[in-house]
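Reproduced below: data-v2.cif, with mmCIF, N, CA and C atoms.
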data_query
loop_
_atom_site.label_atom_id
_atom_site.label_comp_id
_atom_site.auth_asym_id
_atom_site.auth_seq_id
_atom_site.Cartn_x
_atom_site.Cartn_y
_atom_site.Cartn_z
N MET A 1 -5.62 -47.03 -32.15
CA MET A 1 -5.84 -48.10 -31.19
C MET A 1 -4.71 -49.11 -31.30
N ASP A 2 -4.39 -49.69 -30.17
CA ASP A 2 -3.33 -50.69 -30.13
C ASP A 2 -3.97 -52.08 -30.16
N PHE A 3 -3.76 -52.78 -31.27
CA PHE A 3 -4.33 -54.12 -31.41
C PHE A 3 -3.27 -55.20 -31.25
N SER A 4 -2.16 -54.88 -30.59
CA SER A 4 -1.12 -55.88 -30.37
C SER A 4 -1.68 -57.00 -29.50
N GLU A 5 -1.08 -58.16 -29.64
CA GLU A 5 -1.55 -59.33 -28.89
C GLU A 5 -1.54 -59.07 -27.39
N LYS A 6 -0.47 -58.43 -26.89
CA LYS A 6 -0.37 -58.17 -25.46
C LYS A 6 -1.48 -57.22 -25.00
N ASN A 7 -1.78 -56.19 -25.77
CA ASN A 7 -2.82 -55.25 -25.40
C ASN A 7 -4.20 -55.93 -25.39
N ILE A 8 -4.47 -56.77 -26.37
CA ILE A 8 -5.74 -57.48 -26.43
C ILE A 8 -5.88 -58.41 -25.23
N GLU A 9 -4.81 -59.14 -24.89
CA GLU A 9 -4.84 -60.02 -23.71
C GLU A 9 -5.14 -59.21 -22.46
N ARG A 10 -4.51 -58.05 -22.32
CA ARG A 10 -4.68 -57.23 -21.13
C ARG A 10 -6.13 -56.77 -20.98
N LYS A 11 -6.78 -56.43 -22.08
CA LYS A 11 -8.16 -55.97 -22.02
C LYS A 11 -9.10 -57.07 -21.54
N PHE A 12 -8.77 -58.31 -21.79
CA PHE A 12 -9.66 -59.41 -21.42
C PHE A 12 -9.28 -60.07 -20.10
N MET A 13 -8.16 -59.67 -19.51
CA MET A 13 -7.79 -60.21 -18.20
C MET A 13 -8.63 -59.52 -17.13
N SER A 14 -8.97 -60.26 -16.13
CA SER A 14 -9.71 -59.64 -15.04
C SER A 14 -8.75 -58.81 -14.19
N THR A 15 -9.30 -57.83 -13.51
CA THR A 15 -8.50 -57.00 -12.63
C THR A 15 -8.17 -57.77 -11.37
N MET A 16 -6.92 -57.66 -10.94
CA MET A 16 -6.49 -58.29 -9.70
C MET A 16 -6.80 -57.31 -8.58
N ASP A 17 -7.84 -57.61 -7.80
CA ASP A 17 -8.27 -56.72 -6.72
C ASP A 17 -7.64 -57.13 -5.41
N TYR A 18 -6.98 -56.18 -4.77
CA TYR A 18 -6.45 -56.36 -3.42
C TYR A 18 -7.38 -55.55 -2.53
N CYS A 19 -8.15 -56.23 -1.68
CA CYS A 19 -9.17 -55.57 -0.87
C CYS A 19 -8.70 -55.42 0.57
N VAL A 20 -8.78 -54.21 1.08
CA VAL A 20 -8.41 -53.90 2.46
C VAL A 20 -9.69 -53.82 3.27
N VAL A 21 -9.79 -54.67 4.29
CA VAL A 21 -11.01 -54.72 5.10
C VAL A 21 -10.65 -54.72 6.60
N PHE A 22 -11.57 -54.22 7.42
CA PHE A 22 -11.41 -54.25 8.87
C PHE A 22 -12.34 -55.32 9.42
N GLU A 23 -11.74 -56.31 10.09
CA GLU A 23 -12.53 -57.42 10.59
C GLU A 23 -11.85 -58.00 11.83
N ASN A 24 -12.62 -58.31 12.83
CA ASN A 24 -12.10 -58.91 14.06
C ASN A 24 -10.97 -58.07 14.67
N LYS A 25 -11.17 -56.76 14.69
CA LYS A 25 -10.25 -55.80 15.30
C LYS A 25 -8.89 -55.70 14.60
N ASN A 26 -8.80 -56.20 13.37
CA ASN A 26 -7.56 -56.11 12.60
C ASN A 26 -7.85 -55.69 11.17
N TRP A 27 -6.85 -55.08 10.54
CA TRP A 27 -6.93 -54.77 9.13
C TRP A 27 -6.37 -55.94 8.34
N HIS A 28 -7.03 -56.27 7.25
CA HIS A 28 -6.61 -57.41 6.43
C HIS A 28 -6.53 -56.98 4.96
N VAL A 29 -5.60 -57.61 4.25
CA VAL A 29 -5.57 -57.49 2.79
C VAL A 29 -6.03 -58.84 2.27
N ARG A 30 -7.05 -58.81 1.45
CA ARG A 30 -7.58 -60.04 0.85
C ARG A 30 -7.31 -60.03 -0.63
N PHE A 31 -6.82 -61.16 -1.09
CA PHE A 31 -6.58 -61.35 -2.52
C PHE A 31 -6.92 -62.80 -2.84
N GLN A 32 -7.86 -62.97 -3.75
CA GLN A 32 -8.37 -64.30 -4.09
C GLN A 32 -8.79 -65.00 -2.80
N ASN A 33 -8.22 -66.14 -2.48
CA ASN A 33 -8.63 -66.86 -1.26
C ASN A 33 -7.67 -66.64 -0.09
N LEU A 34 -6.80 -65.64 -0.20
CA LEU A 34 -5.80 -65.39 0.84
C LEU A 34 -6.16 -64.16 1.64
N SER A 35 -5.72 -64.13 2.90
CA SER A 35 -5.95 -62.99 3.77
C SER A 35 -4.71 -62.77 4.64
N TYR A 36 -4.23 -61.52 4.68
CA TYR A 36 -3.05 -61.17 5.47
C TYR A 36 -3.44 -60.07 6.45
N SER A 37 -3.03 -60.21 7.72
CA SER A 37 -3.39 -59.26 8.78
C SER A 37 -2.32 -58.20 8.97
N TYR A 38 -2.77 -56.98 9.30
CA TYR A 38 -1.87 -55.85 9.55
C TYR A 38 -2.35 -55.09 10.78
N ALA A 39 -1.42 -54.41 11.43
CA ALA A 39 -1.73 -53.69 12.67
C ALA A 39 -2.54 -52.42 12.42
N SER A 40 -2.37 -51.82 11.23
CA SER A 40 -3.07 -50.56 10.96
C SER A 40 -3.60 -50.53 9.54
N ARG A 41 -4.53 -49.62 9.33
CA ARG A 41 -5.09 -49.40 8.00
C ARG A 41 -3.99 -48.98 7.03
N ALA A 42 -3.14 -48.04 7.47
CA ALA A 42 -2.06 -47.54 6.62
C ALA A 42 -1.10 -48.67 6.21
N ASP A 43 -0.76 -49.55 7.16
CA ASP A 43 0.12 -50.68 6.84
C ASP A 43 -0.52 -51.61 5.82
N ALA A 44 -1.81 -51.87 5.99
CA ALA A 44 -2.52 -52.76 5.06
C ALA A 44 -2.58 -52.15 3.66
N ILE A 45 -2.89 -50.87 3.57
CA ILE A 45 -2.95 -50.21 2.27
C ILE A 45 -1.57 -50.20 1.62
N ARG A 46 -0.54 -49.87 2.38
CA ARG A 46 0.83 -49.84 1.86
C ARG A 46 1.22 -51.21 1.29
N ALA A 47 0.95 -52.26 2.04
CA ALA A 47 1.28 -53.62 1.58
C ALA A 47 0.49 -53.99 0.33
N ALA A 48 -0.79 -53.63 0.31
CA ALA A 48 -1.62 -53.94 -0.84
C ALA A 48 -1.14 -53.21 -2.09
N VAL A 49 -0.78 -51.94 -1.94
CA VAL A 49 -0.30 -51.17 -3.09
C VAL A 49 1.02 -51.73 -3.60
N GLU A 50 1.93 -52.07 -2.69
CA GLU A 50 3.22 -52.63 -3.11
C GLU A 50 3.02 -53.94 -3.88
N THR A 51 2.14 -54.78 -3.39
CA THR A 51 1.88 -56.06 -4.05
C THR A 51 1.16 -55.86 -5.38
N ALA A 52 0.19 -54.98 -5.41
CA ALA A 52 -0.53 -54.70 -6.65
C ALA A 52 0.40 -54.09 -7.69
N HIS A 53 1.35 -53.28 -7.25
CA HIS A 53 2.32 -52.68 -8.17
C HIS A 53 3.16 -53.76 -8.85
N VAL A 54 3.62 -54.74 -8.09
CA VAL A 54 4.38 -55.85 -8.66
C VAL A 54 3.52 -56.63 -9.65
N CYS A 55 2.29 -56.87 -9.27
CA CYS A 55 1.35 -57.57 -10.15
C CYS A 55 1.18 -56.80 -11.46
N GLY A 56 1.04 -55.49 -11.36
CA GLY A 56 0.89 -54.65 -12.54
C GLY A 56 2.13 -54.68 -13.42
N LYS A 57 3.31 -54.65 -12.80
CA LYS A 57 4.56 -54.72 -13.57
C LYS A 57 4.68 -56.03 -14.32
N ASN A 58 4.00 -57.05 -13.82
CA ASN A 58 4.02 -58.37 -14.47
C ASN A 58 2.93 -58.51 -15.52
N GLY A 59 2.29 -57.40 -15.87
CA GLY A 59 1.34 -57.40 -16.98
C GLY A 59 -0.12 -57.56 -16.63
N HIS A 60 -0.44 -57.52 -15.34
CA HIS A 60 -1.84 -57.66 -14.94
C HIS A 60 -2.44 -56.30 -14.60
N GLN A 61 -3.74 -56.18 -14.76
CA GLN A 61 -4.44 -55.00 -14.26
C GLN A 61 -4.61 -55.22 -12.77
N ALA A 62 -4.23 -54.24 -11.97
CA ALA A 62 -4.28 -54.42 -10.52
C ALA A 62 -4.77 -53.15 -9.85
N GLN A 63 -5.54 -53.34 -8.79
CA GLN A 63 -6.02 -52.20 -8.01
C GLN A 63 -6.19 -52.58 -6.56
N VAL A 64 -6.20 -51.55 -5.72
CA VAL A 64 -6.42 -51.71 -4.28
C VAL A 64 -7.75 -51.05 -3.96
N ARG A 65 -8.61 -51.81 -3.30
CA ARG A 65 -9.93 -51.31 -2.90
C ARG A 65 -10.02 -51.39 -1.39
N VAL A 66 -10.56 -50.34 -0.77
CA VAL A 66 -10.65 -50.26 0.69
C VAL A 66 -12.12 -50.21 1.10
N GLN A 67 -12.46 -51.06 2.06
CA GLN A 67 -13.83 -51.08 2.57
C GLN A 67 -14.03 -49.90 3.52
N MET A 68 -15.07 -49.15 3.27
CA MET A 68 -15.38 -47.96 4.05
C MET A 68 -16.34 -48.34 5.19
N PRO A 69 -16.55 -47.43 6.16
CA PRO A 69 -17.45 -47.73 7.29
C PRO A 69 -18.86 -48.14 6.87
N ASP A 70 -19.32 -47.66 5.70
CA ASP A 70 -20.66 -48.03 5.24
C ASP A 70 -20.67 -49.36 4.48
N GLN A 71 -19.54 -50.08 4.52
CA GLN A 71 -19.36 -51.40 3.90
C GLN A 71 -19.17 -51.33 2.38
N GLN A 72 -19.22 -50.14 1.79
CA GLN A 72 -18.95 -49.99 0.37
C GLN A 72 -17.44 -49.97 0.15
N PHE A 73 -17.00 -50.31 -1.07
CA PHE A 73 -15.58 -50.30 -1.39
C PHE A 73 -15.23 -49.07 -2.23
N HIS A 74 -14.11 -48.49 -1.90
CA HIS A 74 -13.57 -47.32 -2.58
C HIS A 74 -12.25 -47.74 -3.23
N THR A 75 -12.06 -47.42 -4.51
CA THR A 75 -10.79 -47.74 -5.18
C THR A 75 -9.75 -46.73 -4.71
N GLU A 76 -8.75 -47.23 -4.01
CA GLU A 76 -7.70 -46.42 -3.41
C GLU A 76 -6.53 -46.20 -4.37
N TRP A 77 -6.21 -47.21 -5.16
CA TRP A 77 -5.02 -47.15 -6.02
C TRP A 77 -5.20 -48.09 -7.21
N THR A 78 -4.80 -47.64 -8.40
CA THR A 78 -4.89 -48.45 -9.61
C THR A 78 -3.57 -48.39 -10.35
N TYR A 79 -3.03 -49.57 -10.71
CA TYR A 79 -1.77 -49.63 -11.44
C TYR A 79 -1.93 -48.92 -12.78
N GLY A 80 -0.94 -48.08 -13.09
CA GLY A 80 -0.95 -47.35 -14.35
C GLY A 80 -1.68 -46.02 -14.30
N LEU A 81 -2.47 -45.80 -13.25
CA LEU A 81 -3.19 -44.52 -13.10
C LEU A 81 -2.66 -43.69 -11.94
N ASP A 82 -2.28 -44.37 -10.86
CA ASP A 82 -1.87 -43.68 -9.65
C ASP A 82 -0.36 -43.79 -9.43
N ALA A 83 0.19 -42.81 -8.70
CA ALA A 83 1.61 -42.78 -8.44
C ALA A 83 2.03 -43.97 -7.57
N PHE A 84 3.28 -44.39 -7.77
CA PHE A 84 3.88 -45.42 -6.90
C PHE A 84 5.22 -44.89 -6.45
N PRO A 85 5.50 -44.87 -5.16
CA PRO A 85 4.58 -45.31 -4.11
C PRO A 85 3.37 -44.38 -4.00
N ALA A 86 2.31 -44.94 -3.45
CA ALA A 86 1.05 -44.19 -3.32
C ALA A 86 1.29 -42.93 -2.47
N GLN A 87 0.66 -41.86 -2.87
CA GLN A 87 0.75 -40.60 -2.12
C GLN A 87 -0.25 -40.65 -0.98
N SER A 88 0.22 -40.39 0.26
CA SER A 88 -0.72 -40.43 1.39
C SER A 88 -1.20 -39.08 1.79
#
Same coordinates, now as structure tokens:
Amino acid sequence: MDFSEKNIERKFMSTMDYCVVFENKNWHVRFQNLSYSYASRADAIRAAVETAHVCGKNGHQAQVRVQMPDQQFHTEWTYGLDAFPAQS
């Protein structure tokens, strides 16, 4: 097990969730209290993955979650687990 200070900090940091949602006829990426609009689902996911990747490179746990038609969220991409750029 890795008990280095950086590894311990990482385990206790919350995951930075970038959520892709469809609302008011547009796709949005939501992060904390911010929301960015995109013309398509693919554009929103691409932007969210790119941003989450940078966040991950800066030492944070980051993932992209996409809201499905049944209103449930599906984890689309996770830093450190999935390829970058994301495979479509």
Set the distance at 9 Å and use only C-alpha atoms: which residues neighbour stretch 62-68 of chain A once local chain neighbours fewer than 3 positions away are removed? I'd like the list as a ChimeraX atom specification. /A:14-22,45,48-49,52-56,71-80
- Report the distance between atom N of A:Glu23 and atom CA of A:Gln61 in Å, rounded to one decimal place.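 Interatomic distance, atom N of A:Glu23 to atom CA of A:Gln61: 25.5 Å.
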* **Backbone-only DSSP, strand (DSSP E or B) members of stretch 4-86 of chain A, as a ChimeraX atom specification** => /A:16-23,26-31,34-38,62-67,73-78
note - atom CA of A:Ala39 and atom N of A:Asn26 are separated by 7.5 Å
* **Those in chain A with alpha helix (DSSP H) from DSSP, as number ranges by chain** => A: 5-12, 41-57
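Interatomic distance, atom N of A:Asn33 to atom C of A:Thr51: 14.2 Å.
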**Prompt:** Which residue gives the smallest distance to A:Tyr38 among A:Lys25, A:Gly59, A:Leu81, A:Asp70, with only N, CA and C atoms counted?
**Reply:**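 Among the listed residues, A:Lys25 lies closest to A:Tyr38.
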